[in-house]
Amino acid sequence: MKIGVLALQGDFAEHISTLRRLGVETVEVRLPGHLDDLNGLILPGGESTTIARLAVAFGLMEPLRDFGREKAIWGTCAGAIFLSKDAKRDQPLLGLMDITVQRNAFGRQVDSFEVDLDIPELKAATRTEAPYHAVFIRAPLIESVSGAAQPIATLPDGRIVAARQGKLLATSFHPELTPDTRFHEYFLSLAE
Amino acid sequence: METITGSFAVKKGLAQMLKGGVIMDVVTPEHAKIAEDAGACAVMALERVPADIRATGGVARMSDPGLIEEIMKAVTIPVMAKCRIGHFVEAQILEAIGVDYIDESEVLTPADDAHHVDKHKFKVPFVCGARNLGEALRRIAEGAAMIRTKGEAGTGDVVEAVKHARAVMGEIRRVQNMAEEELYTYAKEIGAPIDLVREVKQLGRLPVVNFAAGGVATPADAALMMQLGMDGVFVGSGIFKSGDPAKRAAAIVKAVTHYNDPAILAEVSRNLGEPMVGRNVSIMPEVERIAGRGW
């Protein structure tokens, strides 16, 4: 199993460190050639406008879209925005997932938060029972899903914070910032 | 289910999202848009860039909250602002208007000659400058969730930033090679809490994100700081005091991503126009240097 992490900007090192703890071979992806031979790709947290501009500048948009049509991609926070069809704002998007996201949906940094979530699909996939502790940093919200996209995690008030569409996964929160490796294990099961 | 805001994890977490990115000083909403369009991962909103603070002289204070708010409205990326060292009321004001990060900065005139802000008391995260490991760990003990080199701001001379980055990285390497019982005396020598010294030994890095700042003016300067082990780069006067700010800003963003690829660095360094004029720190009188501010 070889997983790439888009390393244009953001917390790609945190994803790589979690993947290594799970014994997975990792590749930092900065140019289209780095996508060769990967089983899956993670789009990390960071600033979605920065990541998108760099992806355009280095010719990554089409190669990433081609990759996502066949293989697993997981976007966390900025990565989820980049995966979406609509971010309600003029910025380059991969448009791979049938989700509409609202950027900075919870306010500014002082409103960033941590909360325990009950995620049945994650518990079933990893055969565990514990709630999932999620960290939201200036996080986007998945305002709506359509087509083949399904919500897999919601806040207690019902707002969607994670969705899956086949092998594509989007989370508003940052599993790479916590020691709990279950979300990465879940993604690896999609990439297999 | 309980929701927690203002925890150290979310404070440090925002800095983690800025990694591999460039934070640019801006003095108007128009500058802020140029920075965002060039790929900045955040902006620092202020009335004057450090080069102009040096030229103007006098007492440099927190910027007008009205100006900072205009910049916050102009962009979707995080907005930082500076308060004076120890000026916890300026920090309270910046928190009240909702800035995303506060830089307790030596670039402004210190308000307290012995104490820094107790940053644990705030929900908004703080970044602080440091010249060495001891200073970095003292700031983290006070609650800083991000560290940067001090460099010598507003000069366009990268030598001090290199000195501070090498000091911190070298001291971390030394700590990693120390025996447990040697850490106590070392902690005393560098004036840092023993728990944080132990954590550095265990992690092999600072427990928070560490950016370069102070004197970065070119894509090559930015890549140099990244190769020295910094997590990202602040560019102050270097962009908007240059001949073609938009082009230089975009080039520095690309250089930070591809810091290990000399062919791309050569490509982005071409035809950038005039860099900021710059001042040679080695012949600068001691009284004009600001990196020494901080305790």
# chains A, B, ... in the order shown; residues from 1 in each chain; ligands from 1
>>> interface_residues(of="chain A", to="chain B", cutoff="6 Å", atoms="only C-alpha atoms", output="list in words")
Leu8, Gln9, Gly10, Asp11, Gly45, Gly46, Glu47, Thr50, Gln109, Val110, Ser112, Phe113, Glu114 and Val115 of chain A
>>> write_last_selection(atoms="N, CA, C and O atoms", output="short mmCIF file (atom, residue, chain, number, x, y, z; two decimals), in the first residue's frame")
data_model
loop_
_atom_site.label_atom_id
_atom_site.label_comp_id
_atom_site.auth_asym_id
_atom_site.auth_seq_id
_atom_site.Cartn_x
_atom_site.Cartn_y
_atom_site.Cartn_z
N LEU A 8 1.57 20.58 -1.21
CA LEU A 8 1.73 21.94 -1.74
C LEU A 8 1.78 22.95 -0.60
O LEU A 8 2.54 23.91 -0.62
N GLN A 9 0.94 22.75 0.38
CA GLN A 9 0.88 23.63 1.56
C GLN A 9 -0.03 22.94 2.57
O GLN A 9 -0.93 22.20 2.18
N GLY A 10 0.21 23.21 3.87
CA GLY A 10 -0.69 22.68 4.90
C GLY A 10 -0.02 21.64 5.77
O GLY A 10 1.20 21.52 5.81
N ASP A 11 -0.87 20.84 6.47
CA ASP A 11 -0.31 19.93 7.47
C ASP A 11 -0.10 18.52 6.89
O ASP A 11 -0.49 17.54 7.50
N GLY A 45 -5.14 19.40 5.42
CA GLY A 45 -5.63 20.70 5.85
C GLY A 45 -4.64 21.76 5.46
O GLY A 45 -3.46 21.48 5.23
N GLY A 46 -5.10 22.99 5.39
CA GLY A 46 -4.23 24.11 5.01
C GLY A 46 -5.15 25.22 4.56
O GLY A 46 -6.30 25.29 5.00
N GLU A 47 -4.68 26.08 3.66
CA GLU A 47 -5.56 27.11 3.11
C GLU A 47 -5.98 26.67 1.72
O GLU A 47 -5.15 26.52 0.83
N THR A 50 -4.71 28.74 -1.25
CA THR A 50 -3.28 28.56 -1.52
C THR A 50 -3.04 27.25 -2.26
O THR A 50 -2.34 27.20 -3.27
N GLN A 109 -11.08 32.13 14.05
CA GLN A 109 -10.29 31.18 14.84
C GLN A 109 -10.80 31.03 16.28
O GLN A 109 -10.77 29.92 16.81
N VAL A 110 -11.24 32.11 16.91
CA VAL A 110 -11.70 31.98 18.31
C VAL A 110 -12.89 31.02 18.42
O VAL A 110 -13.20 30.54 19.51
N SER A 112 -12.97 28.13 16.63
CA SER A 112 -12.50 26.77 16.36
C SER A 112 -12.74 25.90 17.59
O SER A 112 -12.66 26.39 18.72
N PHE A 113 -13.05 24.61 17.40
CA PHE A 113 -13.50 23.81 18.54
C PHE A 113 -13.14 22.33 18.42
O PHE A 113 -12.76 21.85 17.34
N GLU A 114 -13.27 21.64 19.57
CA GLU A 114 -13.12 20.18 19.61
C GLU A 114 -14.42 19.60 20.14
O GLU A 114 -15.04 20.19 21.03
N VAL A 115 -14.82 18.45 19.61
CA VAL A 115 -16.06 17.82 20.09
C VAL A 115 -16.01 16.32 19.80
O VAL A 115 -15.33 15.89 18.86
#
>>> residues_around(residues="Leu265 in chain B", least_positions_apart="4", cutoff="12 Å", atoms="only C-alpha atoms", output="list in words")
Thr218, Pro219, Ala220, Asp221, Ala222, Ala223, Leu224, Ala251, Ile252, Val253, Lys254, Ala255, Val256, Thr257, His258, Tyr259, Asn260, Asp261, Ser269 and Arg270 of chain B
>>> select_by_dssp(residues="range 167-270 of chain B", states="helix (DSSP H, G or I)", output="CSV table (one decimal) with N, CA, C and O atoms, in the first residue's frame")
chain,number,residue,atom,x,y,z
B,167,ALA,N,20.4,28.5,15.5
B,167,ALA,CA,20.5,28.4,16.9
B,167,ALA,C,19.5,27.4,17.4
B,167,ALA,O,19.8,26.5,18.1
B,168,VAL,N,18.2,27.6,17.1
B,168,VAL,CA,17.1,26.8,17.6
B,168,VAL,C,17.3,25.3,17.1
B,168,VAL,O,17.3,24.4,17.9
B,169,MET,N,17.6,25.1,15.8
B,169,MET,CA,17.7,23.8,15.3
B,169,MET,C,18.9,23.1,15.9
B,169,MET,O,18.9,21.9,16.2
B,170,GLY,N,20.0,23.8,16.1
B,170,GLY,CA,21.3,23.2,16.6
B,170,GLY,C,21.0,22.8,18.1
B,170,GLY,O,21.5,21.7,18.5
B,171,GLU,N,20.3,23.7,18.8
B,171,GLU,CA,20.1,23.4,20.2
B,171,GLU,C,19.2,22.2,20.4
B,171,GLU,O,19.3,21.4,21.3
B,172,ILE,N,18.2,22.0,19.5
B,172,ILE,CA,17.3,20.9,19.5
B,172,ILE,C,18.1,19.6,19.3
B,172,ILE,O,18.0,18.6,20.0
B,173,ARG,N,19.1,19.6,18.3
B,173,ARG,CA,19.9,18.5,18.0
B,173,ARG,C,20.8,18.1,19.3
B,173,ARG,O,20.9,17.0,19.6
B,174,ARG,N,21.3,19.2,19.9
B,174,ARG,CA,22.1,18.9,21.1
B,174,ARG,C,21.2,18.3,22.2
B,174,ARG,O,21.7,17.3,22.9
B,175,VAL,N,20.0,18.8,22.4
B,175,VAL,CA,19.1,18.2,23.5
B,175,VAL,C,18.8,16.7,23.2
B,175,VAL,O,18.8,15.9,24.1
B,176,GLN,N,18.7,16.4,21.9
B,176,GLN,CA,18.4,15.0,21.6
B,176,GLN,C,19.5,14.1,22.0
B,176,GLN,O,19.3,12.9,22.2
B,180,GLU,N,19.2,12.0,30.1
B,180,GLU,CA,18.1,12.6,30.9
B,180,GLU,C,18.6,13.5,32.0
B,180,GLU,O,18.1,14.6,32.2
B,181,GLU,N,19.7,13.0,32.7
B,181,GLU,CA,20.1,13.8,33.9
B,181,GLU,C,20.8,15.1,33.5
B,181,GLU,O,20.9,16.0,34.3
B,182,GLU,N,21.2,15.2,32.3
B,182,GLU,CA,21.8,16.5,31.8
B,182,GLU,C,20.8,17.5,31.5
B,182,GLU,O,21.1,18.7,31.4
B,183,LEU,N,19.5,17.1,31.3
B,183,LEU,CA,18.5,18.1,30.9
B,183,LEU,C,18.2,19.2,31.9
B,183,LEU,O,17.9,20.3,31.6
B,184,TYR,N,18.4,18.8,33.3
B,184,TYR,CA,18.0,19.7,34.3
B,184,TYR,C,18.9,21.0,34.3
B,184,TYR,O,18.5,22.1,34.3
B,185,THR,N,20.2,20.7,34.2
B,185,THR,CA,21.2,21.8,34.2
B,185,THR,C,21.1,22.6,32.9
B,185,THR,O,21.1,23.8,32.9
B,186,TYR,N,20.8,21.9,31.8
B,186,TYR,CA,20.6,22.6,30.5
B,186,TYR,C,19.4,23.5,30.5
B,186,TYR,O,19.5,24.6,30.1
B,187,ALA,N,18.3,23.0,31.1
B,187,ALA,CA,17.1,23.8,31.2
B,187,ALA,C,17.4,25.1,32.0
B,187,ALA,O,17.0,26.2,31.7
B,188,LYS,N,18.2,24.9,33.1
B,188,LYS,CA,18.5,26.1,33.9
B,188,LYS,C,19.4,27.0,33.1
B,188,LYS,O,19.1,28.2,33.1
B,189,GLU,N,20.4,26.5,32.4
B,189,GLU,CA,21.3,27.4,31.6
B,189,GLU,C,20.5,28.2,30.5
B,189,GLU,O,20.8,29.4,30.3
B,190,ILE,N,19.5,27.6,29.9
B,190,ILE,CA,18.9,28.3,28.8
B,190,ILE,C,17.6,29.0,29.3
B,190,ILE,O,16.9,29.7,28.5
B,194,ILE,N,11.8,22.7,32.5
B,194,ILE,CA,12.3,21.3,32.3
B,194,ILE,C,11.4,20.5,31.5
B,194,ILE,O,11.8,19.7,30.6
B,195,ASP,N,10.1,20.6,31.7
B,195,ASP,CA,9.1,19.8,31.0
B,195,ASP,C,9.1,20.0,29.5
B,195,ASP,O,9.0,19.1,28.7
B,196,LEU,N,9.3,21.3,29.1
B,196,LEU,CA,9.3,21.6,27.7
B,196,LEU,C,10.7,21.1,27.1
B,196,LEU,O,10.7,20.7,25.9
B,197,VAL,N,11.7,21.2,27.9
B,197,VAL,CA,13.0,20.7,27.3
B,197,VAL,C,12.9,19.2,27.1
B,197,VAL,O,13.4,18.7,26.1
B,198,ARG,N,12.3,18.5,28.1
B,198,ARG,CA,12.1,17.0,27.9
B,198,ARG,C,11.2,16.7,26.7
B,198,ARG,O,11.5,15.8,25.9
B,199,GLU,N,10.2,17.6,26.4
B,199,GLU,CA,9.3,17.3,25.3
B,199,GLU,C,10.1,17.5,24.0
B,199,GLU,O,9.9,16.8,23.0
B,200,VAL,N,11.0,18.5,24.0
B,200,VAL,CA,11.8,18.8,22.8
B,200,VAL,C,12.7,17.6,22.5
B,200,VAL,O,12.8,17.1,21.3
B,201,LYS,N,13.2,17.0,23.5
B,201,LYS,CA,14.1,15.8,23.4
B,201,LYS,C,13.3,14.7,22.8
B,201,LYS,O,13.7,14.0,21.8
B,202,GLN,N,12.1,14.5,23.3
B,202,GLN,CA,11.2,13.4,22.8
B,202,GLN,C,10.8,13.6,21.4
B,202,GLN,O,10.8,12.6,20.6
B,203,LEU,N,10.4,14.8,21.0
B,203,LEU,CA,9.8,15.1,19.7
B,203,LEU,C,10.9,15.3,18.6
B,203,LEU,O,10.7,15.1,17.5
B,219,PRO,N,12.7,34.7,-3.3
B,219,PRO,CA,12.3,33.2,-3.2
B,219,PRO,C,13.5,32.4,-2.7
B,219,PRO,O,13.3,31.4,-1.9
B,220,ALA,N,14.7,32.7,-3.0
B,220,ALA,CA,15.9,32.0,-2.5
B,220,ALA,C,16.0,32.1,-1.0
B,220,ALA,O,16.3,31.1,-0.3
B,221,ASP,N,15.8,33.3,-0.5
B,221,ASP,CA,15.8,33.5,1.0
B,221,ASP,C,14.8,32.5,1.6
B,221,ASP,O,15.0,31.9,2.7
B,222,ALA,N,13.6,32.5,1.1
B,222,ALA,CA,12.5,31.7,1.7
B,222,ALA,C,12.8,30.2,1.6
B,222,ALA,O,12.6,29.5,2.6
B,223,ALA,N,13.4,29.8,0.5
B,223,ALA,CA,13.7,28.3,0.4
B,223,ALA,C,14.9,28.0,1.3
B,223,ALA,O,15.0,26.9,1.9
B,224,LEU,N,15.8,28.9,1.5
B,224,LEU,CA,16.9,28.7,2.4
B,224,LEU,C,16.4,28.5,3.8
B,224,LEU,O,16.8,27.5,4.5
B,225,MET,N,15.4,29.3,4.2
B,225,MET,CA,14.9,29.1,5.6
B,225,MET,C,14.1,27.7,5.7
B,225,MET,O,14.2,27.1,6.8
B,226,MET,N,13.5,27.3,4.6
B,226,MET,CA,12.8,26.0,4.7
B,226,MET,C,13.8,24.9,4.7
B,226,MET,O,13.6,23.9,5.5
B,227,GLN,N,14.9,25.0,3.9
B,227,GLN,CA,15.9,23.9,4.0
B,227,GLN,C,16.6,23.9,5.3
B,227,GLN,O,17.1,22.9,5.7
B,237,SER,N,8.4,43.4,4.9
B,237,SER,CA,8.6,44.5,4.0
B,237,SER,C,9.0,44.0,2.6
B,237,SER,O,8.9,44.7,1.6
B,238,GLY,N,9.5,42.7,2.5
B,238,GLY,CA,10.1,42.2,1.3
B,238,GLY,C,9.2,42.2,0.1
B,238,GLY,O,9.7,42.3,-1.0
B,239,ILE,N,7.9,42.1,0.3
B,239,ILE,CA,7.0,42.1,-0.9
B,239,ILE,C,6.5,43.4,-1.3
B,239,ILE,O,6.8,43.9,-2.4
B,240,PHE,N,5.9,44.2,-0.4
B,240,PHE,CA,5.3,45.4,-0.8
B,240,PHE,C,6.3,46.6,-0.9
B,240,PHE,O,6.0,47.7,-1.3
B,245,PRO,N,5.2,43.7,-6.5
B,245,PRO,CA,4.7,42.9,-5.3
B,245,PRO,C,4.0,41.6,-5.7
B,245,PRO,O,4.2,40.5,-5.1
B,246,ALA,N,3.0,41.7,-6.6
B,246,ALA,CA,2.2,40.5,-6.9
B,246,ALA,C,3.1,39.4,-7.5
B,246,ALA,O,2.9,38.2,-7.1
B,247,LYS,N,4.0,39.7,-8.3
B,247,LYS,CA,4.8,38.7,-8.9
B,247,LYS,C,5.8,38.1,-7.9
B,247,LYS,O,6.0,36.9,-7.8
B,248,ARG,N,6.4,39.0,-7.1
B,248,ARG,CA,7.3,38.5,-6.1
B,248,ARG,C,6.6,37.6,-5.1
B,248,ARG,O,7.1,36.6,-4.6
B,249,ALA,N,5.4,38.0,-4.7
B,249,ALA,CA,4.6,37.3,-3.7
B,249,ALA,C,4.3,35.9,-4.2
B,249,ALA,O,4.5,34.9,-3.5
B,250,ALA,N,3.9,35.8,-5.5
B,250,ALA,CA,3.6,34.5,-6.0
B,250,ALA,C,4.8,33.6,-6.1
B,250,ALA,O,4.8,32.4,-5.9
B,251,ALA,N,5.9,34.2,-6.5
B,251,ALA,CA,7.2,33.5,-6.6
B,251,ALA,C,7.7,32.9,-5.2
B,251,ALA,O,8.1,31.8,-5.2
B,252,ILE,N,7.5,33.7,-4.2
B,252,ILE,CA,7.9,33.3,-2.9
B,252,ILE,C,7.0,32.1,-2.4
B,252,ILE,O,7.5,31.1,-1.8
B,253,VAL,N,5.7,32.2,-2.7
B,253,VAL,CA,4.8,31.1,-2.4
B,253,VAL,C,5.3,29.8,-3.0
B,253,VAL,O,5.4,28.7,-2.4
B,254,LYS,N,5.6,29.9,-4.3
B,254,LYS,CA,6.0,28.7,-5.1
B,254,LYS,C,7.4,28.2,-4.5
B,254,LYS,O,7.6,27.0,-4.4
B,255,ALA,N,8.2,29.1,-4.1
B,255,ALA,CA,9.6,28.7,-3.6
B,255,ALA,C,9.4,28.0,-2.3
B,255,ALA,O,10.2,27.1,-2.0
B,256,VAL,N,8.5,28.3,-1.5
B,256,VAL,CA,8.3,27.6,-0.2
B,256,VAL,C,7.8,26.2,-0.4
B,256,VAL,O,8.2,25.3,0.3
B,257,THR,N,6.9,26.0,-1.4
B,257,THR,CA,6.4,24.7,-1.7
B,257,THR,C,7.5,23.8,-2.3
B,257,THR,O,7.7,22.6,-1.9
B,262,PRO,N,15.9,22.9,-7.0
B,262,PRO,CA,16.6,24.1,-7.5
B,262,PRO,C,16.1,24.5,-8.9
B,262,PRO,O,16.2,25.7,-9.2
B,263,ALA,N,15.7,23.6,-9.8
B,263,ALA,CA,15.2,24.0,-11.1
B,263,ALA,C,14.0,24.9,-11.0
B,263,ALA,O,13.9,25.9,-11.7
B,264,ILE,N,13.0,24.5,-10.2
B,264,ILE,CA,11.8,25.3,-10.0
B,264,ILE,C,12.2,26.7,-9.3
B,264,ILE,O,11.7,27.7,-9.7
B,265,LEU,N,13.1,26.6,-8.3
B,265,LEU,CA,13.6,27.9,-7.7
B,265,LEU,C,14.2,28.8,-8.7
B,265,LEU,O,14.0,30.0,-8.6
B,266,ALA,N,15.0,28.3,-9.7
B,266,ALA,CA,15.6,29.1,-10.7
B,266,ALA,C,14.5,29.7,-11.5
B,266,ALA,O,14.5,30.9,-11.8
B,267,GLU,N,13.5,28.9,-11.9
B,267,GLU,CA,12.4,29.4,-12.7
B,267,GLU,C,11.6,30.5,-12.1
B,267,GLU,O,11.4,31.5,-12.7
B,268,VAL,N,11.3,30.3,-10.8
B,268,VAL,CA,10.4,31.4,-10.1
B,268,VAL,C,11.2,32.6,-9.8
B,268,VAL,O,10.7,33.7,-9.5
B,269,SER,N,12.6,32.5,-9.8
B,269,SER,CA,13.4,33.7,-9.4
B,269,SER,C,13.7,34.6,-10.6
B,269,SER,O,14.2,35.7,-10.4
>>> residues_around(residues="Ala163 in chain A", least_positions_apart="2", cutoff="12 Å", atoms="only C-alpha atoms", output="PyMOL selection string")
chain A and resi 74-77+80-81+83-84+97-101+119+121-122+141-154+159-161+165-173
>>> write_last_selection(atoms="C-alpha atoms", output="PDB file, in the first residue's frame")
ATOM      1  CA  TRP A  74      -9.565  11.862   1.155  1.00  0.00           C
ATOM      2  CA  GLY A  75      -9.734  15.613   1.783  1.00  0.00           C
ATOM      3  CA  THR A  76      -9.498  17.018   5.315  1.00  0.00           C
ATOM      4  CA  CYS A  77     -10.826  20.570   5.837  1.00  0.00           C
ATOM      5  CA  ALA A  80     -12.573  18.654   1.492  1.00  0.00           C
ATOM      6  CA  ILE A  81     -13.223  22.100  -0.001  1.00  0.00           C
ATOM      7  CA  LEU A  83     -12.648  17.993  -3.564  1.00  0.00           C
ATOM      8  CA  SER A  84     -16.092  19.627  -3.671  1.00  0.00           C
ATOM      9  CA  MET A  97     -17.484  15.086  -4.996  1.00  0.00           C
ATOM     10  CA  ASP A  98     -21.148  15.995  -5.168  1.00  0.00           C
ATOM     11  CA  ILE A  99     -20.997  18.162  -2.086  1.00  0.00           C
ATOM     12  CA  THR A 100     -21.514  21.892  -1.491  1.00  0.00           C
ATOM     13  CA  VAL A 101     -19.301  23.361   1.205  1.00  0.00           C
ATOM     14  CA  ILE A 119     -19.798   8.049  13.629  1.00  0.00           C
ATOM     15  CA  GLU A 121     -19.748   4.005   9.697  1.00  0.00           C
ATOM     16  CA  LEU A 122     -16.317   4.560  11.305  1.00  0.00           C
ATOM     17  CA  LEU A 141     -19.377  22.712   6.724  1.00  0.00           C
ATOM     18  CA  ILE A 142     -20.718  20.268   4.163  1.00  0.00           C
ATOM     19  CA  GLU A 143     -23.866  22.222   3.481  1.00  0.00           C
ATOM     20  CA  SER A 144     -25.474  19.604   1.260  1.00  0.00           C
ATOM     21  CA  VAL A 145     -24.766  16.320  -0.499  1.00  0.00           C
ATOM     22  CA  SER A 146     -26.278  15.160  -3.773  1.00  0.00           C
ATOM     23  CA  GLY A 147     -25.946  12.315  -6.285  1.00  0.00           C
ATOM     24  CA  ALA A 148     -23.894   9.422  -4.942  1.00  0.00           C
ATOM     25  CA  ALA A 149     -22.462  11.360  -1.989  1.00  0.00           C
ATOM     26  CA  GLN A 150     -23.658  10.257   1.453  1.00  0.00           C
ATOM     27  CA  PRO A 151     -23.231  11.982   4.826  1.00  0.00           C
ATOM     28  CA  ILE A 152     -21.265   9.821   7.276  1.00  0.00           C
ATOM     29  CA  ALA A 153     -20.845  12.172  10.233  1.00  0.00           C
ATOM     30  CA  THR A 154     -22.954  14.987  11.634  1.00  0.00           C
ATOM     31  CA  ARG A 159     -25.139  19.558  10.261  1.00  0.00           C
ATOM     32  CA  ILE A 160     -22.921  17.416   8.012  1.00  0.00           C
ATOM     33  CA  VAL A 161     -19.168  17.281   8.747  1.00  0.00           C
ATOM     34  CA  GLN A 165     -18.888   9.041  -2.378  1.00  0.00           C
ATOM     35  CA  GLY A 166     -17.484   5.663  -3.380  1.00  0.00           C
ATOM     36  CA  LYS A 167     -13.735   5.896  -2.737  1.00  0.00           C
ATOM     37  CA  LEU A 168     -13.866   9.650  -2.122  1.00  0.00           C
ATOM     38  CA  LEU A 169     -13.984  10.915   1.442  1.00  0.00           C
ATOM     39  CA  ALA A 170     -14.379  14.445   2.816  1.00  0.00           C
ATOM     40  CA  THR A 171     -14.093  15.550   6.454  1.00  0.00           C
ATOM     41  CA  SER A 172     -14.503  19.083   7.838  1.00  0.00           C
ATOM     42  CA  PHE A 173     -12.294  18.118  10.786  1.00  0.00           C
TER      43      PHE A 173
END
>>> atom_distance(atom1="CA of Phe8 in chain B", atom2="CA of Ala144 in chain B")
9.2 Å
>>> atom_distance(atom1="CA of Val281 in chain B", atom2="CA of Lys163 in chain B")
12.0 Å
>>> atom_distance(atom1="CA of Ile34 in chain B", atom2="CA of Leu46 in chain B")
15.2 Å
>>> closest_residue(among="A:Gly40, A:Gly79, A:Gly158, A:Pro131", to="Ala52 in chain A", atoms="only C-alpha atoms")
A:Gly79
>>> select_by_dssp(residues="range 176-264 of chain B", states="strand (DSSP E or B)", output="list in words")
Val209, Asn210, Phe211, Ala212, Val233, Phe234 and Val235 of chain B
>>> write_last_selection(atoms="N, CA, C and O atoms", output="PDB file, in the first residue's frame")
ATOM      1  N   VAL B 209       4.536  24.844  15.900  1.00  0.00           N
ATOM      2  CA  VAL B 209       5.038  25.203  14.576  1.00  0.00           C
ATOM      3  C   VAL B 209       6.046  26.348  14.688  1.00  0.00           C
ATOM      4  O   VAL B 209       5.895  27.247  15.503  1.00  0.00           O
ATOM      5  N   ASN B 210       7.087  26.302  13.842  1.00  0.00           N
ATOM      6  CA  ASN B 210       8.188  27.269  13.905  1.00  0.00           C
ATOM      7  C   ASN B 210       8.442  27.875  12.523  1.00  0.00           C
ATOM      8  O   ASN B 210       8.913  27.193  11.626  1.00  0.00           O
ATOM      9  N   PHE B 211       8.111  29.152  12.351  1.00  0.00           N
ATOM     10  CA  PHE B 211       8.280  29.832  11.057  1.00  0.00           C
ATOM     11  C   PHE B 211       9.550  30.686  11.044  1.00  0.00           C
ATOM     12  O   PHE B 211      10.072  31.048  12.092  1.00  0.00           O
ATOM     13  N   ALA B 212       9.990  31.029   9.839  1.00  0.00           N
ATOM     14  CA  ALA B 212      11.070  31.995   9.663  1.00  0.00           C
ATOM     15  C   ALA B 212      10.459  33.384   9.528  1.00  0.00           C
ATOM     16  O   ALA B 212       9.381  33.536   8.961  1.00  0.00           O
ATOM     17  N   VAL B 233       7.132  30.580   6.249  1.00  0.00           N
ATOM     18  CA  VAL B 233       7.871  31.842   6.182  1.00  0.00           C
ATOM     19  C   VAL B 233       6.934  33.048   6.316  1.00  0.00           C
ATOM     20  O   VAL B 233       5.878  33.096   5.679  1.00  0.00           O
ATOM     21  N   PHE B 234       7.339  34.004   7.138  1.00  0.00           N
ATOM     22  CA  PHE B 234       6.712  35.328   7.145  1.00  0.00           C
ATOM     23  C   PHE B 234       7.518  36.244   6.227  1.00  0.00           C
ATOM     24  O   PHE B 234       8.748  36.242   6.310  1.00  0.00           O
ATOM     25  N   VAL B 235       6.842  37.011   5.375  1.00  0.00           N
ATOM     26  CA  VAL B 235       7.552  38.035   4.609  1.00  0.00           C
ATOM     27  C   VAL B 235       6.918  39.373   4.940  1.00  0.00           C
ATOM     28  O   VAL B 235       5.724  39.581   4.737  1.00  0.00           O
TER      29      VAL B 235
END
>>> decode(residues="range 84-94 of chain A", atoms="N, CA, C and O atoms", output="mmCIF file, in the first residue's frame")
data_model
loop_
_atom_site.group_PDB
_atom_site.id
_atom_site.type_symbol
_atom_site.label_atom_id
_atom_site.label_comp_id
_atom_site.auth_asym_id
_atom_site.auth_seq_id
_atom_site.Cartn_x
_atom_site.Cartn_y
_atom_site.Cartn_z
ATOM 1 N N SER A 84 -14.658 19.382 -3.470
ATOM 2 C CA SER A 84 -16.092 19.627 -3.671
ATOM 3 C C SER A 84 -16.408 20.155 -5.066
ATOM 4 O O SER A 84 -15.541 20.646 -5.786
ATOM 5 N N LYS A 85 -17.708 20.085 -5.397
ATOM 6 C CA LYS A 85 -18.207 20.651 -6.669
ATOM 7 C C LYS A 85 -18.448 22.139 -6.528
ATOM 8 O O LYS A 85 -18.423 22.870 -7.504
ATOM 9 N N ASP A 86 -18.752 22.588 -5.301
ATOM 10 C CA ASP A 86 -19.187 23.966 -5.114
ATOM 11 C C ASP A 86 -18.757 24.477 -3.738
ATOM 12 O O ASP A 86 -19.110 23.882 -2.716
ATOM 13 N N ALA A 87 -17.961 25.559 -3.729
ATOM 14 C CA ALA A 87 -17.577 26.173 -2.454
ATOM 15 C C ALA A 87 -18.200 27.569 -2.340
ATOM 16 O O ALA A 87 -17.783 28.375 -1.527
ATOM 17 N N LYS A 88 -19.182 27.836 -3.178
ATOM 18 C CA LYS A 88 -19.948 29.082 -3.156
ATOM 19 C C LYS A 88 -19.046 30.322 -3.247
ATOM 20 O O LYS A 88 -19.294 31.341 -2.602
ATOM 21 N N ARG A 89 -17.988 30.185 -4.031
ATOM 22 C CA ARG A 89 -17.016 31.257 -4.108
ATOM 23 C C ARG A 89 -16.127 30.943 -5.297
ATOM 24 O O ARG A 89 -15.952 29.779 -5.654
ATOM 25 N N ASP A 90 -15.548 31.987 -5.915
ATOM 26 C CA ASP A 90 -14.742 31.787 -7.105
ATOM 27 C C ASP A 90 -13.325 31.333 -6.725
ATOM 28 O O ASP A 90 -12.469 32.145 -6.410
ATOM 29 N N GLN A 91 -13.106 30.022 -6.696
ATOM 30 C CA GLN A 91 -11.756 29.485 -6.505
ATOM 31 C C GLN A 91 -11.677 28.130 -7.194
ATOM 32 O O GLN A 91 -12.688 27.445 -7.316
ATOM 33 N N PRO A 92 -10.490 27.755 -7.685
ATOM 34 C CA PRO A 92 -10.392 26.491 -8.423
ATOM 35 C C PRO A 92 -10.705 25.291 -7.515
ATOM 36 O O PRO A 92 -10.219 25.211 -6.383
ATOM 37 N N LEU A 93 -11.553 24.379 -8.014
ATOM 38 C CA LEU A 93 -11.940 23.181 -7.258
ATOM 39 C C LEU A 93 -11.763 21.960 -8.150
ATOM 40 O O LEU A 93 -11.905 22.054 -9.368
ATOM 41 N N LEU A 94 -11.519 20.801 -7.541
ATOM 42 C CA LEU A 94 -11.424 19.574 -8.332
ATOM 43 C C LEU A 94 -12.814 19.140 -8.808
ATOM 44 O O LEU A 94 -12.952 18.497 -9.848
#
